[in-house]
Amino acid sequence: MIAARAVVLLAAVLAAHLEAAPARAQEAEPEETAGPPPDESGIRFPSEAPLGWRQAGSDLKYVYTRPAHLDRKGWSKVAWTLGSVAALYLVREEVAEGIRRNHDQDVEDALTTVRDAMGKVGSVGAVSLGYLWAGAARDSAYDKETAQILAESVLYALPIAGVGGRILATERPSKGESIEFVEGEGHSISADVTIAASMLAPIIDRHLQPDGDDTPRRIFWKRFGTWSLYSLAGMVALQRMYTDRHYLPDVVLGYANGLTVGRLIVDNHRGGREWRDRRRRVRIEPAAGGVRIVWGPGLAAGRVAHE
């Protein structure tokens with residue numbers, strides 16, 4: 001268990017250094033330290049929003065009041081998600097039974113190792129401390145900001161899972177199949193999956209988004225890191241079903257909960273979700289011997305405001 005958490009911590013710290021390293025080392029002067037020059041405050045990697053309790057309060061308000069400010073597109077996504085989850089309730093027992101028929105102890109052990117690494121609050125704390133250490137080591141307020149967002153993401157997502165479990169109270173698969181509304185304590189939103197998914201957006205959106213100046217090798221490793229994190233969180237969800245602790249809709253809601261809260265906090269630090277729309281834009285630019293297709297503004301999403 002300790003070794004598994006150490007791997008996750010190391011991956012997070014490496015992601016921070018990978019994102020900050022220069023895309024082309026030969027372009028840097030030998031006597032200079034890799035990374036952007038300091039800003040007016042003397043910090044080499046400034047944060048996107050002020051750090052501290054005031055920002056934490058702003059993030060809390062943004063997360064919990066966001067439904068009141070959704071547009072038609074936003075409500076369409078909510079309706080699509082809830083409709084999909086409702087459909088999963090129709091097949092949840094068949095999925096659970098299929099997993100029981102094909103159970104393998106070696107697979108369960110492997111999935112449990114991943115769950116122990118990513119599905120505990122202590123794991124998020126360890127990764128957050130890793131970014132805090134990286135920020136102190138290289139004078140990066142940006143990494144310290146990631147540490148704060150990681151902590152907020154899990155702390156703000158878990159109450160939603162708790163309240164959701166009381167509104168839609170479902171039994172664990174090992175105990176029964178009943179579903180009750182607003183009656184007692186249930187397990188309709190997996191807390192373990194919520195915890196694992198809460199780490200995705202703070203790391204992926206802030207440290208693993210391809211930069212327009214990235215080399216193909218750097219883009220490959222960023223993509224590899226992104227899909228590895230998504231897959232590991234998915235393995236936590238599979239473990240909860242594999243051990244008969246949750247039905248399929250429970251883990252889907254947990255994944256959506258953690259991922260959405262993390263993204264909302266990242267968006268709030270960037271003044272809204274417009275940056276996501278900018279990154280989705282595609283343009284064609286001339287290049288040596290032909291043209292190249294570029295997604296987004298050509299800058300790392302987390303640094304647009306500072307470069």
# chains A, B, ... in the order shown; residues from 1 in each chain; ligands from 1

call {"tool": "residues_around", "arguments": {"residues": "Leu238 (chain A)", "least_positions_apart": "6", "cutoff": "12 Å", "atoms": "only C-alpha atoms", "output": "ChimeraX atom specification"}}
result
/A:95-96,99,103,107-112,114-115,119,190,192-193,231-232,244-252,254-255

call {"tool": "closest_residue", "arguments": {"among": "A:Ala137, A:Met241, A:Ala87, A:Ala197", "to": "Ser123 (chain A)", "atoms": "only C-alpha atoms"}}
result
A:Ala197

call {"tool": "closest_residue", "arguments": {"among": "A:Ala136, A:Ala141, A:Leu229, A:Leu150", "to": "Asp59 (chain A)", "atoms": "only C-alpha atoms"}}
result
A:Leu150

call {"tool": "closest_residue", "arguments": {"among": "A:Ile219, A:Pro202, A:Asp71, A:Asp106", "to": "Lys144 (chain A)", "atoms": "only C-alpha atoms"}}
result
A:Pro202

call {"tool": "select_by_dssp", "arguments": {"residues": "region 131-270 of chain A", "states": "helix (DSSP H, G or I)", "output": "PyMOL selection string"}}
result
chain A and resi 131-137+141-167+191-198+200-207+216-242+248-269

call {"tool": "closest_atom_pairs", "arguments": {"of": "region 130-155 of chain A", "to": "region 159-171 of chain A", "cutoff": "12 Å", "atoms": "only C-alpha atoms", "output": "JSON lines"}}
result
{"residue": "A:Glu152", "atom": "CA", "partner": "A:Pro159", "partner_atom": "CA", "distance": 11.7}
{"residue": "A:Ser153", "atom": "CA", "partner": "A:Pro159", "partner_atom": "CA", "distance": 10.9}
{"residue": "A:Val154", "atom": "CA", "partner": "A:Pro159", "partner_atom": "CA", "distance": 9.1}
{"residue": "A:Leu155", "atom": "CA", "partner": "A:Pro159", "partner_atom": "CA", "distance": 7.4}

call {"tool": "closest_residue", "arguments": {"among": "A:Ser174, A:Ser47, A:Ser228, A:Asn257", "to": "Gly135 (chain A)", "atoms": "only C-alpha atoms"}}
result
A:Ser47

call {"tool": "atom_distance", "arguments": {"atom1": "CA of Leu51 (chain A)", "atom2": "CA of Asp267 (chain A)"}}
result
15.0 Å

call {"tool": "atom_distance", "arguments": {"atom1": "CA of Gly225 (chain A)", "atom2": "CA of Ile204 (chain A)"}}
result
8.1 Å
